[in-house]
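Colleague: The structure follows.
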Amino acid sequence: MKTLVLIDVQNDFMPGGPLEVPEGNLIIPVINNCLGYFDLVVATQDWHPKNHKSFASDHLNKKPFDRIILNGIHQTLWPDHCIQRTRGAELHEDIHSERIAAIFRKGMDTEVDSYSGFYDNNHQLSTGLSGYLKEKGVSEIYFCGLAADICVYYSMLDAVLEGFSATLIEDASRPLYLEKFDDIKCEIAKHGVHIITSSELLDR
Ligand code: VGL
Ligand code: ZN
């Protein structure tokens, strides 16, 4: 069962959005070209209440990208993004979403952020994604989406911890911080995550 997990391909992460990922829009046609290769496609959706504590706006005298300790763990403060039931939280409209079998939402608890599609940042609350994929008999997961160095990154590390093999489709992803992405790639490779480009899917 060849499985693709699309991470947070949402309007607010696109160029011009409040938490824009450079070239985030360029992944859309690449993802659409990949879909036909997979038997199962699922997606995650960052889905925050409007007073989420990861938002700088929820703290006095703080600005986006400041770092704080939130309930005992490090938290980067973000611009307001992906607020439930807003257009910014919707998946990009050009994604061929008819192929998406299920969408797993995350980041709904105001007190804790959730970068990974599997668990919150405390590693306590599961989204159910791991159990869903296991019930479907999935063993290998391909990942793409936004941001490659944050939510895609943490999702792939959790996938490995959950016993899946994980592969990043690099050209179907973009990082928030390109200058740090080489280090991130070394880090994920050390954890056993494979990195390919979408053209390599054809050989598999
Ligand atoms: C993300 C920061 C905050 C992501 C989500 O999808 O990478 N990054 N919320
Ligand atoms: Zn978020």
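Naming scheme: A, B, ... for chains in displayed order of the structure tokens; residues 1 onward per chain; ligands 1 onward as shown.
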Grab me every residue within 9 Å of ligand 2, counting only C-alpha atoms and all ligand atoms, and send it over as a ChimeraX atom specification.

Modeller: /A:19,46-48,52,54-55,78,80-83,106-107,113-115,151

Colleague: Output C-alpha atoms of each residue in that selection to a file, as a short mmCIF file (atom, residue, chain, number, x, y, z; two decimals), in the first residue's frame.

Modeller:
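Now in part.cif:
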data_model
loop_
_atom_site.label_atom_id
_atom_site.label_comp_id
_atom_site.auth_asym_id
_atom_site.auth_seq_id
_atom_site.Cartn_x
_atom_site.Cartn_y
_atom_site.Cartn_z
CA LEU A 19 3.18 32.38 7.90
CA ASP A 46 -3.10 22.73 11.18
CA TRP A 47 -6.36 23.74 12.88
CA HIS A 48 -5.97 26.27 15.69
CA HIS A 52 -4.02 29.46 20.51
CA SER A 54 1.44 29.48 19.92
CA PHE A 55 0.27 32.85 18.58
CA TRP A 78 3.97 32.48 15.38
CA ASP A 80 -1.85 34.02 13.78
CA HIS A 81 -2.37 31.23 11.23
CA CYS A 82 -4.66 28.37 10.28
CA ILE A 83 -7.52 29.49 12.48
CA LYS A 106 -3.90 19.04 14.84
CA GLY A 107 -3.12 22.01 17.08
CA ASP A 113 1.32 23.15 19.75
CA SER A 114 1.35 20.19 17.42
CA TYR A 115 3.95 20.13 14.67
CA CYS A 151 5.72 19.99 10.56
#

Colleague: Pick from A:Gly24, A:Gly192, A:Gly128, A:Gly36: nearest to ligand 1, with only C-alpha atoms and all ligand atoms counted?

Modeller: A:Gly24

Colleague: Mind listing the strand (DSSP E) residues of chain A, per DSSP on the backbone, as number ranges by chain?

Modeller: A: 3-7, 40-46, 67-70, 73-76, 100-106, 140-146, 165-174, 194-196

Colleague: Between A:Ile69, A:Ile95, A:Ala56, A:Ile196, which residue has the minimum interatomic distance to ligand 1, considering only C-alpha atoms and all ligand atoms?

Modeller: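 With only C-alpha atoms and all ligand atoms as the atom set, the closest residue is A:Ala56.
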
Colleague: Just to confirm, what's the straight-line distance from CA of Phe38 in chain A to CA of Thr3 in chain A in Å (one decimal)?

Modeller: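 Computed distance, CA of Phe38 in chain A to CA of Thr3 in chain A, equals 5.6 Å.
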
Colleague: For Glu200 in chain A, please output as JSON, numbers by chain all residues within 12 Å (counting only C-alpha atoms; exclusion window: fewer than 5 positions along the same chain).

Modeller: {"A": [34, 37, 167, 168, 169, 170, 171, 194, 195]}

Colleague: Just the residues within 6 Å of Gly88 in chain A, please, counting only C-alpha atoms, with nothing from its chain fewer than 2 positions along; format it as a ChimeraX atom specification.

Modeller: /A:11-12,82,86,90

Colleague: Between A:Asp183, A:Asp8, A:Val42, A:Gly163, which one has atoms that come closest to Glu98 in chain A, using only C-alpha atoms?

Modeller: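 So, comparing all the options, the nearest one is A:Val42.
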
Colleague: Within 9 Å of Phe118 in chain A, counting only C-alpha atoms, which residues qualify if same-chain residues fewer than 2 places away don't, as a PyMOL selection string?

Modeller: chain A and resi 104+106+114-116+120+123+125-130+154-155+158-159

Colleague: Would you mind exporting all heavy atoms of the selected residues as a tab-separated table (two decimals), in the first residue's frame?

Modeller:
chain	number	residue	atom	x	y	z
A	104	PHE	N	-6.36	14.60	8.96
A	104	PHE	CA	-6.11	14.58	10.40
A	104	PHE	C	-5.77	15.98	10.85
A	104	PHE	O	-4.81	16.58	10.37
A	104	PHE	CB	-4.99	13.59	10.74
A	104	PHE	CG	-5.42	12.18	10.53
A	104	PHE	CD1	-5.41	11.62	9.26
A	104	PHE	CD2	-5.91	11.43	11.60
A	104	PHE	CE1	-5.85	10.32	9.05
A	104	PHE	CE2	-6.35	10.13	11.39
A	104	PHE	CZ	-6.32	9.58	10.12
A	106	LYS	N	-4.83	18.96	13.71
A	106	LYS	CA	-3.90	19.04	14.84
A	106	LYS	C	-3.78	20.49	15.30
A	106	LYS	O	-4.11	21.41	14.54
A	106	LYS	CB	-2.53	18.49	14.43
A	106	LYS	CG	-1.88	19.26	13.29
A	106	LYS	CD	-0.65	18.56	12.77
A	106	LYS	CE	0.01	19.34	11.67
A	106	LYS	NZ	0.61	20.61	12.10
A	114	SER	N	1.28	21.52	17.99
A	114	SER	CA	1.35	20.19	17.42
A	114	SER	C	1.96	20.27	16.04
A	114	SER	O	1.29	20.59	15.07
A	114	SER	CB	-0.06	19.60	17.36
A	114	SER	OG	-0.01	18.23	17.06
A	115	TYR	N	3.27	20.05	15.97
A	115	TYR	CA	3.95	20.13	14.67
A	115	TYR	C	3.77	18.82	13.90
A	115	TYR	O	3.48	18.83	12.71
A	115	TYR	CB	5.43	20.43	14.86
A	115	TYR	CG	5.73	21.80	15.44
A	115	TYR	CD1	6.92	22.05	16.12
A	115	TYR	CD2	4.83	22.86	15.28
A	115	TYR	CE1	7.21	23.31	16.63
A	115	TYR	CE2	5.12	24.11	15.80
A	115	TYR	CZ	6.30	24.33	16.48
A	115	TYR	OH	6.59	25.56	16.98
A	116	SER	N	3.95	17.71	14.61
A	116	SER	CA	3.84	16.41	13.96
A	116	SER	C	2.39	16.09	13.65
A	116	SER	O	1.48	16.47	14.39
A	116	SER	CB	4.41	15.35	14.91
A	116	SER	OG	3.91	14.06	14.59
A	120	ASP	N	1.02	15.61	19.61
A	120	ASP	CA	1.29	16.99	20.00
A	120	ASP	C	2.76	17.11	20.45
A	120	ASP	O	3.46	16.11	20.57
A	120	ASP	CB	0.30	17.46	21.07
A	120	ASP	CG	0.47	16.73	22.40
A	120	ASP	OD1	1.56	16.18	22.68
A	120	ASP	OD2	-0.50	16.69	23.16
A	123	HIS	N	4.19	15.02	23.02
A	123	HIS	CA	4.14	13.60	22.69
A	123	HIS	C	3.13	12.86	23.57
A	123	HIS	O	3.35	11.74	24.00
A	123	HIS	CB	5.53	12.96	22.78
A	123	HIS	CG	5.88	12.24	21.52
A	123	HIS	ND1	5.70	10.88	21.36
A	123	HIS	CD2	6.34	12.70	20.34
A	123	HIS	CE1	6.05	10.55	20.14
A	123	HIS	NE2	6.44	11.63	19.49
A	125	LEU	N	-0.76	13.51	23.18
A	125	LEU	CA	-2.05	13.28	22.53
A	125	LEU	C	-1.84	12.84	21.08
A	125	LEU	O	-1.16	13.52	20.32
A	125	LEU	CB	-2.87	14.57	22.57
A	125	LEU	CG	-4.35	14.38	22.21
A	125	LEU	CD1	-5.09	13.73	23.38
A	125	LEU	CD2	-4.98	15.72	21.86
A	126	SER	N	-2.40	11.69	20.74
A	126	SER	CA	-2.29	11.17	19.37
A	126	SER	C	-3.43	11.73	18.52
A	126	SER	O	-4.54	11.90	19.00
A	126	SER	CB	-2.38	9.64	19.42
A	126	SER	OG	-2.62	9.13	18.13
A	127	THR	N	-3.12	11.97	17.25
A	127	THR	CA	-4.19	12.37	16.31
A	127	THR	C	-4.96	11.16	15.80
A	127	THR	O	-6.00	11.30	15.16
A	127	THR	CB	-3.61	13.07	15.08
A	127	THR	OG1	-2.71	12.15	14.43
A	127	THR	CG2	-2.88	14.35	15.43
A	128	GLY	N	-4.40	9.96	16.03
A	128	GLY	CA	-5.00	8.75	15.46
A	128	GLY	C	-4.39	8.34	14.12
A	128	GLY	O	-4.72	7.29	13.59
A	129	LEU	N	-3.49	9.17	13.59
A	129	LEU	CA	-2.93	8.88	12.27
A	129	LEU	C	-2.16	7.56	12.24
A	129	LEU	O	-2.29	6.77	11.30
A	129	LEU	CB	-2.02	10.05	11.83
A	129	LEU	CG	-1.26	9.89	10.52
A	129	LEU	CD1	-2.20	9.63	9.34
A	129	LEU	CD2	-0.39	11.12	10.23
A	130	SER	N	-1.38	7.30	13.31
A	130	SER	CA	-0.58	6.07	13.33
A	130	SER	C	-1.49	4.85	13.31
A	130	SER	O	-1.29	3.91	12.52
A	130	SER	CB	0.32	6.06	14.57
A	130	SER	OG	1.13	4.92	14.58
A	154	TYR	N	8.96	16.95	11.89
A	154	TYR	CA	8.52	16.25	13.12
A	154	TYR	C	7.61	15.07	12.79
A	154	TYR	O	7.62	14.06	13.50
A	154	TYR	CB	7.86	17.23	14.10
A	154	TYR	CG	8.88	18.10	14.79
A	154	TYR	CD1	9.06	19.44	14.44
A	154	TYR	CD2	9.71	17.57	15.78
A	154	TYR	CE1	10.02	20.23	15.05
A	154	TYR	CE2	10.67	18.35	16.41
A	154	TYR	CZ	10.83	19.68	16.04
A	154	TYR	OH	11.78	20.45	16.64
A	155	SER	N	6.85	15.17	11.73
A	155	SER	CA	5.99	14.04	11.34
A	155	SER	C	6.85	12.84	10.92
A	155	SER	O	6.53	11.69	11.26
A	155	SER	CB	5.09	14.44	10.17
A	155	SER	OG	4.20	15.47	10.54
A	158	ASP	N	8.40	11.14	13.97
A	158	ASP	CA	7.39	10.32	14.65
A	158	ASP	C	7.06	9.07	13.85
A	158	ASP	O	6.84	8.00	14.44
A	158	ASP	CB	6.11	11.12	14.90
A	158	ASP	CG	6.17	11.94	16.19
A	158	ASP	OD1	7.11	11.72	16.99
A	158	ASP	OD2	5.27	12.78	16.40
A	159	ALA	N	7.03	9.18	12.54
A	159	ALA	CA	6.74	8.01	11.71
A	159	ALA	C	7.77	6.91	11.99
A	159	ALA	O	7.42	5.74	12.15
A	159	ALA	CB	6.75	8.39	10.22

Colleague: In range 101-182 of chain A, what's helix (DSSP H, G or I) per DSSP? Answer as an MDAnalysis selection string?

Modeller: chainID A and resid 129:135 151:161 178:182
